[in-house]
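K.L.:
This is the structure, below, for whatever I ask next.
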Amino acid sequence: MSSDAVKKRKPKVIRNETGTPETKRGRAEGDQLSAVSSHVKFRKVRLRQVQVTYPAGPHLIGQRKLFTAKTQAVRVYNEEVELEARDPQQDYMLYKDTCAALAKLMAEIQELKAGGAKVGSVEIEERRTQCSVHFITLKKLNRLAHMRLKKGRDQTHEAKQRVDVLHLQLQNLLYEVMHLQKEIGKCLEFRSQHEEIELVSEEEFFQEAPAEISRPHVTRDDQHQLTLARLDWELEQRKRLAEQYKMSLARKEKIQKAIEQKREYLSSLQPGLQNIMQASLPVQEYLAIPFEHMQKQAEVSRHLPPPLYVLLVQAGAYGQACDKNLSVSISGDVDEAKALSRPPEDSQDDESDSDAEEEQQNTKRRRATVGVQLDDKRKEMLRRHPLSLCVDLKCKDGSILHLFFYYLMNLNILTVKTKVSTTTDLSGAVSAGELLNSESLLNCLYTSDHGKETPNPANRYQFDKVGITTFADYVSDLGHPYVWMQKLGGLQFSSDSALTGSALSASHMERTMKLLRGRLQARLALHKQFSSLEHSIIPVSSECQHLFPAKVVSGLMRWTMMSYQEFTELGFVQHVLKAGLVRETDLFFMAVVERGTARLLAAVVMNPRYPEVAPLFSLSLHWKGERSGRTDDNLQAMESEVNVFRSELQGPRPGLQLLTNQIQRLCVCLDVYLETESQVCDGSEGPKEFPREKMCLRTAR
């Protein structure tokens, strides 16, 4: 049969249109297959059945099975069905064999062309046809691989969907379980209102309740009926108590009306009593019994903090009993103190709501820095109570020591400031400037009580929160927190004494007041003495004249005050510093005693507790060189004469002439030293510069 006849009897292949894109692409490949089959030389034609025979070599994949012309039975080709029956490993081996055959055919074509064969020759066309068949095979394998991949993805997606459905069902079940658990918990936690009612005990219920309510034959065996019966009894009791409450309210209203009537009567008496009090003022002044002043002070004292109140009561009691020259008064803002002691009211909070909102808006607009916040916290922590006490101590010469006591509310300590009032002018002595200074007047009233640090140990932790390193930085503004002052207010911060409050204040009041008065008298006496010493006059009282010879040639030439730094720079006082006999709170002076060419320097250390603690003298003599108590035994003996014999030099009690007597004794010792020193050295009668003015039986001992 010719090729035209084969084309006319070309079999019809019906494909599945619902296949994959790879299947649809097979249509074009089938057309190519038909075109290739037209060039096949070897054909076999049977009666009523056409079968296409392909050349030798690998057969085409998915070789189509044609239908017979007689029966017209249609067989549908589906690559997806074929894919399920194929083995991927065999396809992989087929792919390798096809690639190898294709490479071999290509090499043969290359050899034929290299051997001079023409392009349209039979050998080249035959091999080209076989190459096309192999390309079709590769495309088929590629299509099957993509179909396998898509099938695997679809299976994975279906499995994921099944897992998601199961997971959603699990979440629904868990949610239902959680909901049921919550409902069970609510049921278990349910509390009836009757459980909040405090019922009488069962024994008391059966004893007091009547039988128609208690019903013992029922309630003893049934807990529910027992609870209902107890609730009924509680209701009966409350009804009875409500009736009693109404009766009590009626009785209260009657009593209130009677009180109002009596109050009106008493208020009507007040104007008359005030007139009587005003008329009795001259009598009160004449008899020195200020009832009105005491009444006003008693009203204000109710708003004092406890430490100031204890101090007020104890100081007033001591003044009435032992010291008529002591007076106590209250000063400050009473309204502010009342506001502090008054508890906050709801009405005030409601009225200040708008102000608080405005302030909050302002703070939102401008936020304070960390430094400003710390300053505000420090001010709040160091805040003083608006009320303070003023204690006045009067001396016989008319001078007054004013003590102003303050209470720091957040630190729970007392502070004090001082002021001295005198009848005479005390501005003449330059060296006496520190004697009446309010910052140092009361230093070391008791031993080692400098008043620089707070005595309350809890304040240290409060200071750390707001960045305060030491309380000494605020002493000038707030006052000194001396320990003795805390005890006067009944504050005890140590375990030294078991006394507290008024008992502690009373135990220290008398001695402290005597020390305060003695400190003022000692400083005033020193002030007068310094005025004379600055004019080179040593004031010696008549009671102390017997302690010194009639004629003293050496004289005081200069008396000045020194600072602690200047004192430490002196070479002849280093032994005193090393011995720890000097503190920064002491007062330092320099006395210069001269006789002829001899010049004696005396560095004086005066303890704040003078005259209880005697001044300490350190000497340096400038005569024929420089000598001090460390290098000259005679100067050391002179220091002993001045420093050791305190009981002899203090004079009449309380010993306010001690300093001037020591300076006078120093002048006498210098005379003796100068008149006898040269005679000891060379045995002569002594230099003409220092004639013998005193009789010395022995020049040495």
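Here's how to read the names in the structure tokens: chain A, B, ... by the order shown, residue numbers from 1 in each chain, ligand numbers from 1 in the order shown.
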What's around Pro307 of chain A at 8 Å? Count only C-alpha atoms, leave out sequence neighbours fewer than 5 positions away in its own chain, and write the answer as a list of chain:residue names.
P.N.:
A:Tyr407, A:Leu414, A:Gly489, A:Gly490, A:Leu491, A:Gly501
K.L.:
Quick check for you: according to DSSP on this backbone, which residues of segment 404-584 of chain A are classed as strand (DSSP E)? Reply as an MDAnalysis selection string.
P.N.:
chainID A and resid 404:408 413:421 555:562
K.L.:
Kindly save the residues from that selection, with N, CA, C and O atoms included, as an mmCIF file, in the first residue's frame.
P.N.:
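Generated file (part-v1.cif):
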data_model
loop_
_atom_site.group_PDB
_atom_site.id
_atom_site.type_symbol
_atom_site.label_atom_id
_atom_site.label_comp_id
_atom_site.auth_asym_id
_atom_site.auth_seq_id
_atom_site.Cartn_x
_atom_site.Cartn_y
_atom_site.Cartn_z
ATOM 1 N N PHE A 404 15.353 78.351 120.243
ATOM 2 C CA PHE A 404 14.226 78.092 119.347
ATOM 3 C C PHE A 404 14.281 76.615 118.950
ATOM 4 O O PHE A 404 15.213 76.178 118.268
ATOM 5 N N PHE A 405 13.271 75.870 119.394
ATOM 6 C CA PHE A 405 13.216 74.431 119.152
ATOM 7 C C PHE A 405 12.252 74.143 118.002
ATOM 8 O O PHE A 405 11.126 74.641 117.984
ATOM 9 N N TYR A 406 12.725 73.306 117.056
ATOM 10 C CA TYR A 406 11.924 72.913 115.900
ATOM 11 C C TYR A 406 11.848 71.391 115.843
ATOM 12 O O TYR A 406 12.728 70.684 116.342
ATOM 13 N N TYR A 407 10.778 70.929 115.203
ATOM 14 C CA TYR A 407 10.582 69.473 115.046
ATOM 15 C C TYR A 407 10.506 69.141 113.564
ATOM 16 O O TYR A 407 9.688 69.699 112.828
ATOM 17 N N LEU A 408 11.397 68.228 113.104
ATOM 18 C CA LEU A 408 11.388 67.746 111.715
ATOM 19 C C LEU A 408 10.504 66.505 111.654
ATOM 20 O O LEU A 408 10.845 65.453 112.214
ATOM 21 N N ILE A 413 13.122 64.157 114.635
ATOM 22 C CA ILE A 413 14.174 64.686 115.503
ATOM 23 C C ILE A 413 13.867 66.149 115.811
ATOM 24 O O ILE A 413 13.088 66.804 115.102
ATOM 25 N N LEU A 414 14.493 66.659 116.874
ATOM 26 C CA LEU A 414 14.381 68.061 117.258
ATOM 27 C C LEU A 414 15.673 68.785 116.897
ATOM 28 O O LEU A 414 16.760 68.211 116.975
ATOM 29 N N THR A 415 15.531 70.050 116.506
ATOM 30 C CA THR A 415 16.697 70.900 116.241
ATOM 31 C C THR A 415 16.535 72.201 117.016
ATOM 32 O O THR A 415 15.422 72.561 117.427
ATOM 33 N N VAL A 416 17.646 72.911 117.200
ATOM 34 C CA VAL A 416 17.620 74.129 118.003
ATOM 35 C C VAL A 416 18.484 75.187 117.337
ATOM 36 O O VAL A 416 19.502 74.885 116.712
ATOM 37 N N LYS A 417 18.016 76.415 117.438
ATOM 38 C CA LYS A 417 18.794 77.590 117.056
ATOM 39 C C LYS A 417 18.860 78.522 118.259
ATOM 40 O O LYS A 417 17.939 78.538 119.090
ATOM 41 N N THR A 418 19.936 79.306 118.359
ATOM 42 C CA THR A 418 20.145 80.149 119.538
ATOM 43 C C THR A 418 20.304 81.604 119.133
ATOM 44 O O THR A 418 20.651 81.933 117.987
ATOM 45 N N LYS A 419 20.064 82.447 120.108
ATOM 46 C CA LYS A 419 20.263 83.882 119.952
ATOM 47 C C LYS A 419 20.493 84.466 121.343
ATOM 48 O O LYS A 419 19.843 84.067 122.310
ATOM 49 N N VAL A 420 21.417 85.394 121.449
ATOM 50 C CA VAL A 420 21.773 85.994 122.739
ATOM 51 C C VAL A 420 21.421 87.482 122.706
ATOM 52 O O VAL A 420 21.788 88.190 121.763
ATOM 53 N N SER A 421 20.713 87.910 123.732
ATOM 54 C CA SER A 421 20.379 89.330 123.889
ATOM 55 C C SER A 421 21.049 89.842 125.165
ATOM 56 O O SER A 421 20.949 89.210 126.230
ATOM 57 N N GLY A 555 54.626 91.555 130.396
ATOM 58 C CA GLY A 555 53.268 91.986 130.093
ATOM 59 C C GLY A 555 52.751 91.378 128.809
ATOM 60 O O GLY A 555 53.497 90.964 127.921
ATOM 61 N N LEU A 556 51.411 91.305 128.697
ATOM 62 C CA LEU A 556 50.740 90.787 127.501
ATOM 63 C C LEU A 556 50.757 91.870 126.434
ATOM 64 O O LEU A 556 50.242 92.968 126.642
ATOM 65 N N MET A 557 51.348 91.545 125.278
ATOM 66 C CA MET A 557 51.440 92.521 124.200
ATOM 67 C C MET A 557 50.363 92.319 123.134
ATOM 68 O O MET A 557 49.931 93.276 122.503
ATOM 69 N N ARG A 558 49.915 91.084 122.958
ATOM 70 C CA ARG A 558 48.936 90.840 121.882
ATOM 71 C C ARG A 558 48.105 89.611 122.228
ATOM 72 O O ARG A 558 48.608 88.631 122.763
ATOM 73 N N TRP A 559 46.836 89.716 121.873
ATOM 74 C CA TRP A 559 45.896 88.589 122.065
ATOM 75 C C TRP A 559 45.027 88.510 120.807
ATOM 76 O O TRP A 559 44.262 89.419 120.509
ATOM 77 N N THR A 560 45.173 87.446 120.039
ATOM 78 C CA THR A 560 44.437 87.297 118.783
ATOM 79 C C THR A 560 43.836 85.900 118.701
ATOM 80 O O THR A 560 44.242 84.974 119.412
ATOM 81 N N MET A 561 42.896 85.798 117.795
ATOM 82 C CA MET A 561 42.225 84.513 117.565
ATOM 83 C C MET A 561 42.832 83.836 116.341
ATOM 84 O O MET A 561 43.261 84.495 115.395
ATOM 85 N N MET A 562 42.882 82.503 116.354
ATOM 86 C CA MET A 562 43.414 81.719 115.240
ATOM 87 C C MET A 562 42.363 80.716 114.776
ATOM 88 O O MET A 562 41.436 80.363 115.518
#
K.L.:
Determine, for each residue of segment 503-556 of chain A having at least one atom at most 8 Å from an atom of segment 668-673 of chain A, the closest pair of atoms and their separation in Å to one decimal, counting only C-alpha atoms; order by chain and ascending number, as JSON lines.
P.N.:
{"residue": "A:Phe548", "atom": "CA", "partner": "A:Val668", "partner_atom": "CA", "distance": 7.4}
{"residue": "A:Pro549", "atom": "CA", "partner": "A:Val668", "partner_atom": "CA", "distance": 7.8}
{"residue": "A:Val552", "atom": "CA", "partner": "A:Val668", "partner_atom": "CA", "distance": 6.1}
{"residue": "A:Val553", "atom": "CA", "partner": "A:Asp671", "partner_atom": "CA", "distance": 6.7}
{"residue": "A:Ser554", "atom": "CA", "partner": "A:Asp671", "partner_atom": "CA", "distance": 6.1}
K.L.:
How would you write, as a ChimeraX atom specification, the set of residues in segment 456-585 of chain A that DSSP gives as alpha helix (DSSP H)?
P.N.:
/A:458-466,475-478,483-488,501-534,564-568,574-578
K.L.:
Just the residues within 9 Å of segment 115-128 of chain A, please, counting only C-alpha atoms, with nothing from its chain fewer than 6 positions along; format it as a list in words.
P.N.:
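Non-adjacent residues within range: Leu105, Met106, Glu108 and Ile109 of chain A.
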K.L.:
With distances taken over only C-alpha atoms, which of A:Leu445, A:Ile197, A:Ile538, A:Val466 is nearest to Tyr610 of chain A?
P.N.:
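Ranked by minimum distance to Tyr610 of chain A, first place goes to A:Leu445.
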K.L.:
One decimal, Å: what's the distance from atom CA of Gln207 of chain A over to atom CA of Thr219 of chain A, could you say?
P.N.:
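For atom CA of Gln207 of chain A relative to atom CA of Thr219 of chain A, the distance reads 13.6 Å.
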K.L.:
Can you work out the spacing between atom CA of Arg583 of chain A and atom CA of Ser647 of chain A in Å, to one decimal?
P.N.:
23.7 Å
K.L.:
List as a PyMOL selection string the protein and nucleic acid residues near Asp586 of chain A, meaning an atom at most 10 Å away when only C-alpha atoms are counted, but skip any in the same chain fewer than 4 places from it.
P.N.:
chain A and resi 440+443-444+563-564+581-582+605-609+615
K.L.:
To one decimal in Å, tell me the separation between atom CA of Leu436 of chain A and atom CA of His527 of chain A.
P.N.:
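Taking atom CA of Leu436 of chain A and atom CA of His527 of chain A, their separation equals 8.5 Å.
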